[in-house]
$ cat structure-v2.csv   # CSV, C-alpha atoms and all ligand atoms
chain,number,residue,atom,x,y,z
A,1,MET,CA,8.8,14.0,10.2
A,2,VAL,CA,12.5,14.9,9.8
A,3,ARG,CA,13.7,14.7,6.2
A,4,PRO,CA,17.1,15.7,4.8
A,5,LEU,CA,16.8,18.2,2.0
A,6,LEU,CA,18.7,16.3,-0.7
A,7,ALA,CA,17.8,13.1,-2.3
A,8,ALA,CA,21.1,11.4,-3.3
A,9,SER,CA,21.4,9.1,-6.3
A,10,ASP,CA,24.7,7.4,-6.7
A,11,PRO,CA,25.7,6.9,-10.3
A,12,GLU,CA,28.5,4.6,-9.3
A,13,LEU,CA,26.2,2.2,-7.4
A,14,ALA,CA,23.6,2.4,-10.2
A,15,SER,CA,26.1,1.1,-12.7
A,16,LEU,CA,27.0,-2.1,-10.7
A,17,PRO,CA,25.6,-5.4,-11.9
A,18,ALA,CA,22.5,-6.7,-10.0
A,19,GLU,CA,24.4,-9.7,-8.4
A,20,VAL,CA,27.0,-7.3,-7.0
A,21,LEU,CA,24.3,-5.0,-5.6
A,22,ARG,CA,22.4,-7.9,-4.2
A,23,ALA,CA,25.4,-9.3,-2.4
A,24,ARG,CA,26.2,-5.9,-1.0
A,25,ALA,CA,22.7,-5.4,0.2
A,26,LEU,CA,22.7,-8.7,2.0
A,27,ALA,CA,26.1,-8.0,3.6
A,28,LEU,CA,24.9,-4.6,4.8
A,29,LYS,CA,21.6,-6.0,6.0
A,30,ARG,CA,23.6,-8.3,8.3
A,31,SER,CA,26.1,-5.7,9.5
A,32,ARG,CA,23.3,-3.2,10.2
A,33,ASN,CA,21.1,-5.9,11.7
A,34,ALA,CA,18.3,-4.6,9.4
A,35,TYR,CA,14.9,-6.0,8.5
A,36,ILE,CA,13.8,-5.4,4.9
A,37,ILE,CA,10.2,-4.9,4.1
A,38,ALA,CA,8.9,-4.6,0.5
A,39,HIS,CA,5.3,-3.7,-0.6
A,40,ASN,CA,3.7,-6.0,-3.2
A,41,TYR,CA,4.2,-3.2,-5.8
A,42,GLN,CA,8.0,-3.1,-5.5
A,43,ARG,CA,10.4,-4.2,-8.2
A,44,GLY,CA,10.9,-8.0,-8.2
A,45,GLU,CA,14.6,-7.8,-7.2
A,46,LEU,CA,13.5,-6.0,-4.0
A,47,GLN,CA,10.7,-8.4,-3.3
A,48,ASP,CA,13.2,-11.2,-3.6
A,49,LEU,CA,15.6,-9.7,-1.1
A,50,ALA,CA,12.9,-8.7,1.5
A,51,ASP,CA,12.3,-10.4,4.8
A,52,ALA,CA,8.6,-9.6,4.5
A,53,THR,CA,6.4,-8.7,1.5
A,54,GLY,CA,2.7,-8.0,1.6
A,55,ASP,CA,-0.1,-5.4,1.6
A,56,SER,CA,-0.1,-2.3,3.7
A,57,LEU,CA,-1.8,-4.1,6.6
A,58,ALA,CA,0.5,-7.1,6.6
A,59,LEU,CA,3.6,-4.8,6.4
A,60,ALA,CA,2.5,-2.6,9.3
A,61,GLN,CA,2.2,-5.8,11.3
A,62,ALA,CA,5.6,-7.1,10.0
A,63,ALA,CA,7.3,-3.9,11.1
A,64,ILE,CA,6.0,-4.4,14.6
A,65,ARG,CA,7.1,-8.1,14.6
A,66,ALA,CA,10.5,-7.3,13.1
A,67,ASP,CA,13.1,-8.4,15.7
A,68,ALA,CA,15.7,-5.8,14.5
A,69,PRO,CA,16.7,-2.3,15.4
A,70,VAL,CA,16.6,-1.1,11.8
A,71,VAL,CA,13.7,-1.5,9.4
A,72,VAL,CA,14.2,-0.5,5.7
A,73,PHE,CA,10.8,0.1,4.1
A,74,CYS,CA,10.8,-0.4,0.3
A,75,GLY,CA,7.5,1.3,-0.4
A,76,VAL,CA,6.2,4.9,-0.1
A,77,ASP,CA,6.4,7.5,2.6
A,78,PHE,CA,3.1,6.9,4.4
A,79,MET,CA,4.1,3.3,5.0
A,80,ALA,CA,7.4,4.3,6.6
A,81,GLU,CA,5.6,6.9,8.6
A,82,THR,CA,3.2,4.3,9.9
A,83,ALA,CA,6.1,2.0,10.8
A,84,SER,CA,7.7,4.8,12.7
A,85,ILE,CA,4.5,5.6,14.6
A,86,LEU,CA,4.0,2.0,15.6
A,87,ASN,CA,7.7,1.4,16.4
A,88,PRO,CA,9.2,4.6,17.8
A,89,GLU,CA,12.2,2.6,19.2
A,90,LYS,CA,13.3,1.3,15.8
A,91,THR,CA,15.1,3.2,13.1
A,92,ILE,CA,12.9,3.3,10.0
A,93,LEU,CA,14.6,4.0,6.7
A,94,LEU,CA,12.9,4.9,3.4
A,95,PRO,CA,15.5,4.3,0.6
A,96,GLU,CA,14.0,7.0,-1.8
A,97,LEU,CA,13.2,10.3,-0.2
A,98,ASN,CA,10.8,11.3,-3.0
A,99,ALA,CA,8.8,8.1,-2.9
A,100,GLY,CA,5.5,9.6,-1.8
A,101,CYS,CA,1.9,8.7,-2.4
A,102,PRO,CA,0.0,11.4,-4.4
A,103,MET,CA,-3.3,10.2,-2.9
A,104,ALA,CA,-2.0,10.9,0.6
A,105,GLY,CA,-1.1,14.4,-0.6
A,106,MET,CA,-4.7,15.1,-1.7
A,107,LEU,CA,-5.9,15.8,1.9
A,108,THR,CA,-4.2,18.2,4.4
A,109,ALA,CA,-5.0,18.3,8.1
A,110,ASP,CA,-6.6,21.7,7.7
A,111,GLN,CA,-8.9,20.5,4.9
A,112,LEU,CA,-9.9,17.5,7.1
A,113,ARG,CA,-10.6,19.9,10.1
A,114,ALA,CA,-12.9,22.0,7.9
A,115,LYS,CA,-14.7,18.8,6.7
A,116,MET,CA,-15.1,17.5,10.2
A,117,ALA,CA,-16.6,20.8,11.3
A,118,GLU,CA,-19.3,20.3,8.6
A,119,HIS,CA,-20.0,16.8,10.0
A,120,PRO,CA,-19.5,17.0,13.7
A,121,ASP,CA,-21.4,13.7,14.4
A,122,ALA,CA,-19.3,11.6,11.9
A,123,ALA,CA,-16.6,9.2,12.8
A,124,VAL,CA,-13.5,9.8,10.7
A,125,VAL,CA,-11.9,6.8,9.0
A,126,ALA,CA,-8.5,7.5,7.5
A,127,TYR,CA,-7.2,5.1,4.8
A,128,VAL,CA,-3.6,4.5,5.7
A,129,ASN,CA,-2.6,6.2,2.5
A,130,SER,CA,-2.7,9.5,4.3
A,131,SER,CA,-0.3,11.7,6.3
A,132,ALA,CA,0.5,11.2,9.9
A,133,GLU,CA,-1.3,14.6,10.6
A,134,VAL,CA,-4.5,13.3,9.0
A,135,LYS,CA,-4.3,10.0,10.9
A,136,ALA,CA,-3.9,12.0,14.1
A,137,LEU,CA,-7.3,13.6,13.5
A,138,SER,CA,-9.0,10.4,12.8
A,139,THR,CA,-11.2,8.1,14.9
A,140,ILE,CA,-9.6,5.0,13.3
A,141,CYS,CA,-7.4,4.0,10.3
A,142,CYS,CA,-8.1,1.3,7.7
A,143,THR,CA,-6.4,-0.4,4.9
A,144,SER,CA,-7.9,-1.9,1.7
A,145,ALA,CA,-7.8,-5.3,3.5
A,146,ASN,CA,-10.0,-4.2,6.4
A,147,ALA,CA,-11.9,-1.0,5.4
A,148,VAL,CA,-15.3,-2.7,5.3
A,149,ARG,CA,-14.7,-4.4,8.7
A,150,VAL,CA,-13.5,-1.1,10.2
A,151,VAL,CA,-16.5,0.9,9.1
A,152,ARG,CA,-19.0,-1.8,10.2
A,153,SER,CA,-17.4,-1.9,13.6
A,154,LEU,CA,-18.2,1.8,14.3
A,155,PRO,CA,-21.2,2.8,16.4
A,156,HIS,CA,-21.6,6.0,14.3
A,157,ARG,CA,-24.3,6.1,11.6
A,158,ARG,CA,-22.3,8.7,9.6
A,159,VAL,CA,-18.7,8.2,8.6
A,160,LEU,CA,-16.3,10.6,7.0
A,161,PHE,CA,-14.1,8.4,4.8
A,162,VAL,CA,-10.8,10.0,3.6
A,163,PRO,CA,-9.0,10.4,1.3
A,164,ASP,CA,-9.9,7.7,-1.3
A,165,ARG,CA,-13.3,8.3,-2.8
A,166,ASN,CA,-13.2,5.0,-4.7
A,167,LEU,CA,-12.4,2.8,-1.7
A,168,GLY,CA,-15.0,4.8,0.2
A,169,ALA,CA,-17.7,4.3,-2.4
A,170,TYR,CA,-16.8,0.5,-2.4
A,171,VAL,CA,-17.2,0.4,1.4
A,172,GLN,CA,-20.5,2.3,1.1
A,173,SER,CA,-21.8,-0.5,-1.3
A,174,GLN,CA,-20.9,-3.1,1.3
A,175,VAL,CA,-22.2,-1.2,4.3
A,176,PRO,CA,-25.5,0.4,3.1
A,177,GLU,CA,-26.7,1.0,6.7
A,178,LYS,CA,-24.2,3.8,7.2
A,179,GLU,CA,-24.0,7.1,5.5
A,180,ILE,CA,-20.5,7.6,4.1
A,181,VAL,CA,-19.3,11.1,3.3
A,182,LEU,CA,-16.5,10.9,0.8
A,183,TRP,CA,-13.4,13.0,0.2
A,184,GLU,CA,-12.5,13.5,-3.4
A,185,GLY,CA,-9.0,11.9,-3.3
A,186,PHE,CA,-7.9,9.0,-5.6
A,187,CYS,CA,-4.9,7.0,-6.6
A,188,PRO,CA,-3.7,8.4,-10.0
A,189,THR,CA,-2.4,5.0,-11.0
A,190,HIS,CA,-5.6,3.1,-10.5
A,191,GLN,CA,-7.6,6.1,-11.9
A,192,ARG,CA,-5.7,5.7,-15.2
A,193,PHE,CA,-7.4,2.2,-15.5
A,194,LYS,CA,-10.6,2.9,-17.4
A,195,GLU,CA,-13.7,0.9,-18.1
A,196,GLU,CA,-12.8,0.6,-21.8
A,197,ASP,CA,-9.6,-1.2,-20.7
A,198,ILE,CA,-11.4,-3.9,-18.7
A,199,VAL,CA,-14.0,-4.3,-21.4
A,200,ARG,CA,-11.3,-4.9,-24.0
A,201,ALA,CA,-9.3,-7.3,-21.7
A,202,GLU,CA,-12.5,-9.3,-21.0
A,203,GLN,CA,-13.2,-9.6,-24.7
A,204,GLN,CA,-9.7,-10.8,-25.3
A,205,HIS,CA,-9.7,-13.2,-22.4
A,206,PRO,CA,-13.3,-14.3,-21.8
A,207,ASP,CA,-12.2,-17.3,-19.6
A,208,ALA,CA,-10.2,-15.0,-17.2
A,209,GLU,CA,-11.4,-14.0,-13.7
A,210,PHE,CA,-11.1,-10.3,-13.1
A,211,ILE,CA,-9.7,-9.4,-9.6
A,212,ALA,CA,-9.7,-5.7,-8.8
A,213,HIS,CA,-8.2,-3.4,-6.1
A,214,PRO,CA,-10.9,-1.2,-4.5
A,215,GLU,CA,-8.8,1.9,-5.4
A,216,CYS,CA,-10.2,1.3,-9.0
A,217,ARG,CA,-12.9,3.5,-10.4
A,218,PRO,CA,-16.5,2.3,-9.5
A,219,GLU,CA,-17.4,1.6,-13.1
A,220,VAL,CA,-14.3,-0.7,-13.3
A,221,LEU,CA,-15.3,-2.5,-10.1
A,222,THR,CA,-18.7,-3.4,-11.5
A,223,HIS,CA,-16.8,-5.8,-13.8
A,224,ALA,CA,-14.9,-7.5,-11.0
A,225,ARG,CA,-15.4,-11.0,-9.7
A,226,HIS,CA,-13.3,-10.3,-6.6
A,227,ILE,CA,-12.5,-6.9,-5.0
A,228,THR,CA,-9.6,-7.1,-2.5
A,229,SER,CA,-6.3,-5.8,-1.3
A,230,THR,CA,-3.1,-6.8,-3.0
A,231,SER,CA,-2.4,-9.7,-0.6
A,232,GLY,CA,-6.1,-10.7,-0.8
A,233,MET,CA,-5.4,-11.3,-4.5
A,234,LEU,CA,-2.9,-14.0,-3.6
A,235,ASP,CA,-5.6,-15.6,-1.5
A,236,VAL,CA,-8.2,-15.4,-4.2
A,237,VAL,CA,-5.9,-17.0,-6.8
A,238,ALA,CA,-4.9,-19.8,-4.4
A,239,ARG,CA,-8.6,-20.7,-3.8
A,240,SER,CA,-9.8,-20.3,-7.5
A,241,PRO,CA,-9.9,-23.2,-10.0
A,242,ALA,CA,-9.4,-20.7,-12.8
A,243,SER,CA,-6.1,-20.7,-14.6
A,244,ARG,CA,-6.2,-17.1,-16.0
A,245,PHE,CA,-6.7,-13.8,-14.2
A,246,ILE,CA,-7.0,-10.2,-15.2
A,247,ILE,CA,-5.3,-8.2,-12.4
A,248,GLY,CA,-6.7,-4.7,-11.7
A,249,THR,CA,-3.9,-3.2,-9.7
A,250,GLU,CA,-0.3,-2.0,-10.0
A,251,ASP,CA,2.0,-4.2,-12.1
A,252,GLY,CA,4.4,-5.2,-9.3
A,253,MET,CA,1.6,-7.4,-8.1
A,254,LEU,CA,1.9,-9.6,-11.2
A,255,TYR,CA,5.5,-10.4,-10.1
A,256,LYS,CA,4.2,-11.6,-6.8
A,257,LEU,CA,1.4,-13.6,-8.3
A,258,ARG,CA,3.6,-15.3,-11.0
A,259,GLN,CA,6.1,-16.3,-8.3
A,260,ALA,CA,3.4,-17.8,-6.1
A,261,HIS,CA,1.5,-19.5,-9.0
A,262,PRO,CA,3.9,-20.2,-11.9
A,263,THR,CA,1.4,-22.4,-13.8
A,264,LYS,CA,-1.3,-19.7,-13.9
A,265,GLU,CA,-1.5,-16.7,-16.2
A,266,PHE,CA,-1.9,-13.1,-15.1
A,267,ILE,CA,-2.9,-10.3,-17.4
A,268,LEU,CA,-2.4,-6.5,-16.7
A,269,PRO,CA,-5.4,-4.9,-18.5
A,270,THR,CA,-3.5,-1.7,-19.3
A,271,PRO,CA,0.2,-0.8,-19.3
A,272,ARG,CA,-0.8,2.4,-17.4
A,273,LEU,CA,-1.1,0.5,-14.2
A,274,VAL,CA,2.4,1.5,-13.0
A,275,CYS,CA,2.9,3.7,-9.9
A,276,PRO,CA,5.9,6.0,-10.6
A,277,THR,CA,6.7,6.5,-6.9
A,278,MET,CA,6.5,2.8,-6.0
A,279,LYS,CA,9.0,2.2,-8.8
A,280,MET,CA,11.5,4.8,-7.7
A,281,THR,CA,13.2,2.4,-5.3
A,282,LYS,CA,15.8,0.2,-7.0
A,283,LEU,CA,18.4,-2.3,-5.7
A,284,ALA,CA,21.0,0.6,-5.7
A,285,SER,CA,18.6,2.7,-3.6
A,286,LEU,CA,18.5,-0.1,-1.0
A,287,VAL,CA,22.3,-0.4,-0.9
A,288,ARG,CA,22.7,3.3,-0.6
A,289,SER,CA,20.1,3.5,2.2
A,290,LEU,CA,21.9,0.8,4.2
A,291,GLU,CA,25.3,2.2,3.6
A,292,ARG,CA,24.4,5.8,4.7
A,293,MET,CA,21.5,4.9,7.0
A,294,GLU,CA,19.2,7.2,5.1
A,295,TYR,CA,16.5,8.4,4.9
A,296,GLU,CA,15.4,8.2,8.4
A,297,ILE,CA,11.6,8.7,8.8
A,298,THR,CA,10.4,9.8,12.3
A,299,VAL,CA,7.1,10.9,13.5
A,300,THR,CA,7.1,12.3,17.0
A,301,GLY,CA,5.2,14.2,19.6
A,302,GLU,CA,1.4,14.7,19.8
A,303,ILE,CA,0.9,13.8,16.1
A,304,ALA,CA,2.6,10.4,16.6
A,305,ALA,CA,0.7,9.7,19.8
A,306,ARG,CA,-2.7,10.5,18.3
A,307,ALA,CA,-2.0,8.7,15.0
A,308,LYS,CA,-0.9,5.6,17.0
A,309,GLU,CA,-4.3,5.6,18.7
A,310,ALA,CA,-6.1,5.5,15.4
A,311,LEU,CA,-3.7,2.8,14.0
A,312,ASP,CA,-4.0,0.7,17.2
A,313,ARG,CA,-7.8,0.8,17.0
A,314,MET,CA,-7.5,-0.7,13.5
A,315,LEU,CA,-4.9,-3.3,14.5
A,316,ALA,CA,-7.0,-4.4,17.5
A,317,LEU,CA,-9.9,-5.2,15.0
A,318,THR,CA,-7.7,-7.0,12.6
A,319,ARG,CA,-6.5,-10.5,13.1
A,320,GLU,CA,-3.0,-11.3,11.9
A,321,SER,CA,-3.0,-11.2,8.1
A,322,PRO,CA,-2.1,-14.7,6.8
A,323,MET,CA,-0.9,-13.3,3.6
A,324,VAL,CA,2.4,-11.8,4.7
A,325,ALA,CA,5.3,-13.6,3.1
A,326,ILE,CA,8.3,-13.9,5.3
A,327,ALA,CA,11.7,-14.9,4.1
A,328,GLY,CA,14.9,-15.4,6.1
A,329,TYR,CA,18.4,-14.6,5.2
B,401,LIG,P1,-2.6,-2.6,-0.4
B,401,LIG,O1,-1.4,-3.3,-0.7
B,401,LIG,O2,-2.8,-2.4,1.1
B,401,LIG,O3,-3.8,-3.3,-1.0
B,401,LIG,O4,-2.5,-1.1,-0.9
B,401,LIG,C1,-2.3,-0.7,-2.2
B,401,LIG,C2,-1.7,0.6,-2.3
B,401,LIG,O5,-2.0,1.4,-3.1
B,401,LIG,C3,-0.6,0.9,-1.5
B,401,LIG,O6,-0.1,2.1,-1.9
B,402,LIG,FE1,-0.3,5.9,-3.8
B,402,LIG,FE2,-1.6,4.7,-5.8
B,402,LIG,FE3,1.0,4.6,-5.8
B,402,LIG,FE4,-0.4,3.2,-4.0
B,402,LIG,S1,-0.3,2.9,-6.2
B,402,LIG,S2,1.4,4.5,-3.6
B,402,LIG,S3,-2.2,4.6,-3.7
B,402,LIG,S4,-0.2,6.5,-6.0

$ encode --input "structure-v2.csv" --output "structure tokens"
Amino acid sequence: MVRPLLAASDPELASLPAEVLRARALALKRSRNAYIIAHNYQRGELQDLADATGDSLALAQAAIRADAPVVVFCGVDFMAETASILNPEKTILLPELNAGCPMAGMLTADQLRAKMAEHPDAAVVAYVNSSAEVKALSTICCTSANAVRVVRSLPHRRVLFVPDRNLGAYVQSQVPEKEIVLWEGFCPTHQRFKEEDIVRAEQQHPDAEFIAHPECRPEVLTHARHITSTSGMLDVVARSPASRFIIGTEDGMLYKLRQAHPTKEFILPTPRLVCPTMKMTKLASLVRSLERMEYEITVTGEIAARAKEALDRMLALTRESPMVAIAGY
């Protein structure tokens, strides 16, 4: 991956009113012929501007479908890397250089090689929240939307699941016929959400349905009525007769849910469910990114080719996600 050394923040841009930034972003989007993608955890103003919003799986598919030479990925680095691996002919921009995922940083390629040597018979399933180098060593990738399906599809009895121990433990509970070896990685944001938080929220809102992301701690997941990816949450709410929901994931998801279901109530069980790197990207970052065409994320060579094989195996298993929201400007 080629990255410039300096992350630029432009105080002049940051001081402009939101309407001015929005108009500038739309004008630049047209002149650059760019397609804007925003993860469900992004700030509302970016979700509003995006051509596509969704979970990690839907957004990987959206980047492939994007009929534009430039894709701006409002999210974190592994998502832009995945887009680059799947679309080497497109220019992939990440507006904030330091928007990384700490979980992806919890496993290096060398650590994975050592673990694979301990379990030579195991298939390696890499959650997409991982580096391109880790994906390149893997049998297949997965996202939170398809992890159970991916693991079930494998002929291997033993699976080395990396790097998220919570998602891996959830998959183990759903696929008891396999032996899943876990890596001790985790999402620091979901890890801050403790069982006492959900117990308190359930006491305060006894009529609410609790929907949790599988990155949550196992003891939190035991309270959940539904465990699903961020876009899966939209699906659950659309099908449920309940009018109140406790949402066990990053707070950007509540913006998405409130927009889609304005008559329903959504409760964040703790204010600690905010991902600092997901929130780094602002409207001003998007404008700067389109103005300067930065920061270009590229994955090339053998790493890209091998990581693409692992991603393609996952995509071949996964039907088109119905939960991607596409807007047109
Ligand atoms: P999904 O949107 O794929 O469920 O992933 C959540 C996440 O943590 C992305 O960083
Ligand atoms: Fe990574 Fe967690 Fe932030 Fe997602 S919410 S980008 S998994 S730290």

$ axis_aligned_box --input "structure-v2.csv" --around "ligand LIG 402 (chain B)" --padding-each-side "8 Å" --output "JSON"
{"center_x": -0.4, "center_y": 4.7, "center_z": -4.9, "size_x": 19.6, "size_y": 19.6, "size_z": 18.6}

$ closest_residue --input "structure-v2.csv" --among "A:Asp197, A:Asp10, A:Glu215, A:Asp121" --to "A:Arg165" --atoms "all atoms listed in the file"
A:Glu215

$ residues_around --input "structure-v2.csv" --residues "A:Trp183" --least-positions-apart "6" --cutoff "8 Å" --atoms "all atoms listed in the file" --output "JSON, numbers by chain"
{"A": [160, 161, 162, 163, 164, 165]}

$ residues_around --input "structure-v2.csv" --residues "A:Ala307" --least-positions-apart "2" --cutoff "8 Å" --atoms "all atoms listed in the file" --output "PyMOL selection string"
chain A and resi 85+132-138+303-305+309-311

$ write_last_selection --input "structure-v2.csv" --atoms "C-alpha atoms" --output "short mmCIF file (atom, residue, chain, number, x, y, z; two decimals), in the frame of the given file"
data_model
loop_
_atom_site.label_atom_id
_atom_site.label_comp_id
_atom_site.auth_asym_id
_atom_site.auth_seq_id
_atom_site.Cartn_x
_atom_site.Cartn_y
_atom_site.Cartn_z
CA ILE A 85 4.50 5.60 14.60
CA ALA A 132 0.50 11.20 9.90
CA GLU A 133 -1.30 14.60 10.60
CA VAL A 134 -4.50 13.30 9.00
CA LYS A 135 -4.30 10.00 10.90
CA ALA A 136 -3.90 12.00 14.10
CA LEU A 137 -7.30 13.60 13.50
CA SER A 138 -9.00 10.40 12.80
CA ILE A 303 0.90 13.80 16.10
CA ALA A 304 2.60 10.40 16.60
CA ALA A 305 0.70 9.70 19.80
CA GLU A 309 -4.30 5.60 18.70
CA ALA A 310 -6.10 5.50 15.40
CA LEU A 311 -3.70 2.80 14.00
#

$ residues_around --input "structure-v2.csv" --residues "A:Glu179" --least-positions-apart "4" --cutoff "7 Å" --atoms "only C-alpha atoms" --output "list of chain:residue names"
A:Arg157, A:Arg158, A:Val159

$ closest_residue --input "structure-v2.csv" --among "A:Ile247, A:Val274, A:Ala169, A:Ala23" --to "ligand LIG 402 (chain B)" --atoms "all atoms listed in the file"
A:Val274

$ closest_atom_pairs --input "structure-v2.csv" --of "chain A" --to "ligand LIG 401 (chain B)" --cutoff "9 Å" --atoms "only C-alpha atoms and all ligand atoms" --output "JSON lines"
{"residue": "A:His39", "atom": "CA", "partner": "B:LIG401", "partner_atom": "O1", "distance": 6.7}
{"residue": "A:Asn40", "atom": "CA", "partner": "B:LIG401", "partner_atom": "O1", "distance": 6.3}
{"residue": "A:Tyr41", "atom": "CA", "partner": "B:LIG401", "partner_atom": "O1", "distance": 7.6}
{"residue": "A:Gly54", "atom": "CA", "partner": "B:LIG401", "partner_atom": "O1", "distance": 6.6}
{"residue": "A:Asp55", "atom": "CA", "partner": "B:LIG401", "partner_atom": "O1", "distance": 3.4}
{"residue": "A:Ser56", "atom": "CA", "partner": "B:LIG401", "partner_atom": "O2", "distance": 3.7}
{"residue": "A:Leu57", "atom": "CA", "partner": "B:LIG401", "partner_atom": "O2", "distance": 5.8}
{"residue": "A:Ala58", "atom": "CA", "partner": "B:LIG401", "partner_atom": "O2", "distance": 8.0}
{"residue": "A:Leu59", "atom": "CA", "partner": "B:LIG401", "partner_atom": "O2", "distance": 8.6}
{"residue": "A:Gly75", "atom": "CA", "partner": "B:LIG401", "partner_atom": "O6", "distance": 7.8}
{"residue": "A:Val76", "atom": "CA", "partner": "B:LIG401", "partner_atom": "O6", "distance": 7.1}
{"residue": "A:Phe78", "atom": "CA", "partner": "B:LIG401", "partner_atom": "O6", "distance": 8.5}
{"residue": "A:Met79", "atom": "CA", "partner": "B:LIG401", "partner_atom": "O6", "distance": 8.2}
{"residue": "A:Cys101", "atom": "CA", "partner": "B:LIG401", "partner_atom": "O6", "distance": 6.9}
{"residue": "A:Met103", "atom": "CA", "partner": "B:LIG401", "partner_atom": "O6", "distance": 8.8}
{"residue": "A:Val128", "atom": "CA", "partner": "B:LIG401", "partner_atom": "O2", "distance": 8.3}
{"residue": "A:Asn129", "atom": "CA", "partner": "B:LIG401", "partner_atom": "O6", "distance": 6.5}
{"residue": "A:Thr143", "atom": "CA", "partner": "B:LIG401", "partner_atom": "O2", "distance": 5.6}
{"residue": "A:Ser144", "atom": "CA", "partner": "B:LIG401", "partner_atom": "O3", "distance": 5.1}
{"residue": "A:Ala145", "atom": "CA", "partner": "B:LIG401", "partner_atom": "O2", "distance": 6.3}
{"residue": "A:Cys187", "atom": "CA", "partner": "B:LIG401", "partner_atom": "O5", "distance": 7.2}
{"residue": "A:Thr189", "atom": "CA", "partner": "B:LIG401", "partner_atom": "O5", "distance": 8.7}
{"residue": "A:His190", "atom": "CA", "partner": "B:LIG401", "partner_atom": "O5", "distance": 8.4}
{"residue": "A:His213", "atom": "CA", "partner": "B:LIG401", "partner_atom": "O3", "distance": 6.7}
{"residue": "A:Pro214", "atom": "CA", "partner": "B:LIG401", "partner_atom": "O3", "distance": 8.2}
{"residue": "A:Glu215", "atom": "CA", "partner": "B:LIG401", "partner_atom": "O5", "distance": 7.2}
{"residue": "A:Thr228", "atom": "CA", "partner": "B:LIG401", "partner_atom": "O3", "distance": 7.1}
{"residue": "A:Ser229", "atom": "CA", "partner": "B:LIG401", "partner_atom": "O3", "distance": 3.5}
{"residue": "A:Thr230", "atom": "CA", "partner": "B:LIG401", "partner_atom": "O3", "distance": 4.1}
{"residue": "A:Ser231", "atom": "CA", "partner": "B:LIG401", "partner_atom": "O1", "distance": 6.5}
{"residue": "A:Gly232", "atom": "CA", "partner": "B:LIG401", "partner_atom": "O3", "distance": 7.8}
{"residue": "A:Met233", "atom": "CA", "partner": "B:LIG401", "partner_atom": "O3", "distance": 8.9}
{"residue": "A:Thr249", "atom": "CA", "partner": "B:LIG401", "partner_atom": "C1", "distance": 8.1}
{"residue": "A:Glu250", "atom": "CA", "partner": "B:LIG401", "partner_atom": "O5", "distance": 7.9}
{"residue": "A:Met253", "atom": "CA", "partner": "B:LIG401", "partner_atom": "O1", "distance": 9.0}
{"residue": "A:Cys275", "atom": "CA", "partner": "B:LIG401", "partner_atom": "O5", "distance": 8.7}
{"residue": "A:Met278", "atom": "CA", "partner": "B:LIG401", "partner_atom": "O6", "distance": 7.8}

$ closest_residue --input "structure-v2.csv" --among "A:Glu177, A:Ser243, A:Leu21, A:Val171" --to "A:Ile227" --atoms "only C-alpha atoms"
A:Val171

$ atom_distance --input "structure-v2.csv" --atom1 "atom CA of A:Phe210" --atom2 "atom CA of A:Arg43"
22.9 Å

$ residues_around --input "structure-v2.csv" --residues "A:Ile198" --least-positions-apart "2" --cutoff "12 Å" --atoms "all atoms listed in the file" --output "ChimeraX atom specification"
/A:192-196,200-206,208-212,216-217,219-224,245-249,267-270

$ atom_distance --input "structure-v2.csv" --atom1 "atom CA of A:Ile92" --atom2 "atom CA of A:Gln42"
17.5 Å

$ atom_distance --input "structure-v2.csv" --atom1 "atom CA of A:Arg244" --atom2 "atom CA of A:Ala260"
13.8 Å

$ closest_residue --input "structure-v2.csv" --among "A:Phe186, A:Tyr295, A:Phe266, A:Tyr255" --to "ligand LIG 402 (chain B)" --atoms "all atoms listed in the file"
A:Phe186

$ closest_residue --input "structure-v2.csv" --among "A:Asn98, A:Asp207, A:His119, A:Lys264" --to "ligand LIG 402 (chain B)" --atoms "all atoms listed in the file"
A:Asn98

$ residues_around --input "structure-v2.csv" --residues "A:Glu291" --least-positions-apart "5" --cutoff "10 Å" --atoms "only C-alpha atoms" --output "mmCIF file with C-alpha atoms, in the frame of the given file"
data_model
loop_
_atom_site.group_PDB
_atom_site.id
_atom_site.type_symbol
_atom_site.label_atom_id
_atom_site.label_comp_id
_atom_site.auth_asym_id
_atom_site.auth_seq_id
_atom_site.Cartn_x
_atom_site.Cartn_y
_atom_site.Cartn_z
ATOM 1 C CA ARG A 24 26.200 -5.900 -1.000
ATOM 2 C CA ALA A 25 22.700 -5.400 0.200
ATOM 3 C CA LEU A 28 24.900 -4.600 4.800
ATOM 4 C CA LYS A 29 21.600 -6.000 6.000
ATOM 5 C CA SER A 31 26.100 -5.700 9.500
ATOM 6 C CA ARG A 32 23.300 -3.200 10.200
ATOM 7 C CA SER A 285 18.600 2.700 -3.600
ATOM 8 C CA LEU A 286 18.500 -0.100 -1.000
#

$ closest_residue --input "structure-v2.csv" --among "A:Gln47, A:Thr298, A:Ser289, A:Ser130" --to "ligand LIG 402 (chain B)" --atoms "all atoms listed in the file"
A:Ser130

$ decode --input "structure-v2.csv" --residues "stretch 94-107 of chain A" --atoms "C-alpha atoms" --output "compact mmCIF listing (two decimals), in the first residue's frame"
# COMPACT_ATOMS: atom_id res chain seq x y z
CA LEU A 94 -9.54 7.24 1.72
CA PRO A 95 -10.29 10.82 2.92
CA GLU A 96 -8.51 10.44 6.30
CA LEU A 97 -5.11 8.80 6.22
CA ASN A 98 -5.18 7.77 9.86
CA ALA A 99 -8.63 6.18 9.75
CA GLY A 100 -7.48 2.66 10.53
CA CYS A 101 -9.15 -0.24 12.32
CA PRO A 102 -7.34 -1.21 15.55
CA MET A 103 -8.66 -4.75 15.28
CA ALA A 104 -6.99 -5.19 11.88
CA GLY A 105 -3.73 -4.05 13.55
CA MET A 106 -3.97 -6.87 16.13
CA LEU A 107 -2.65 -9.51 13.71
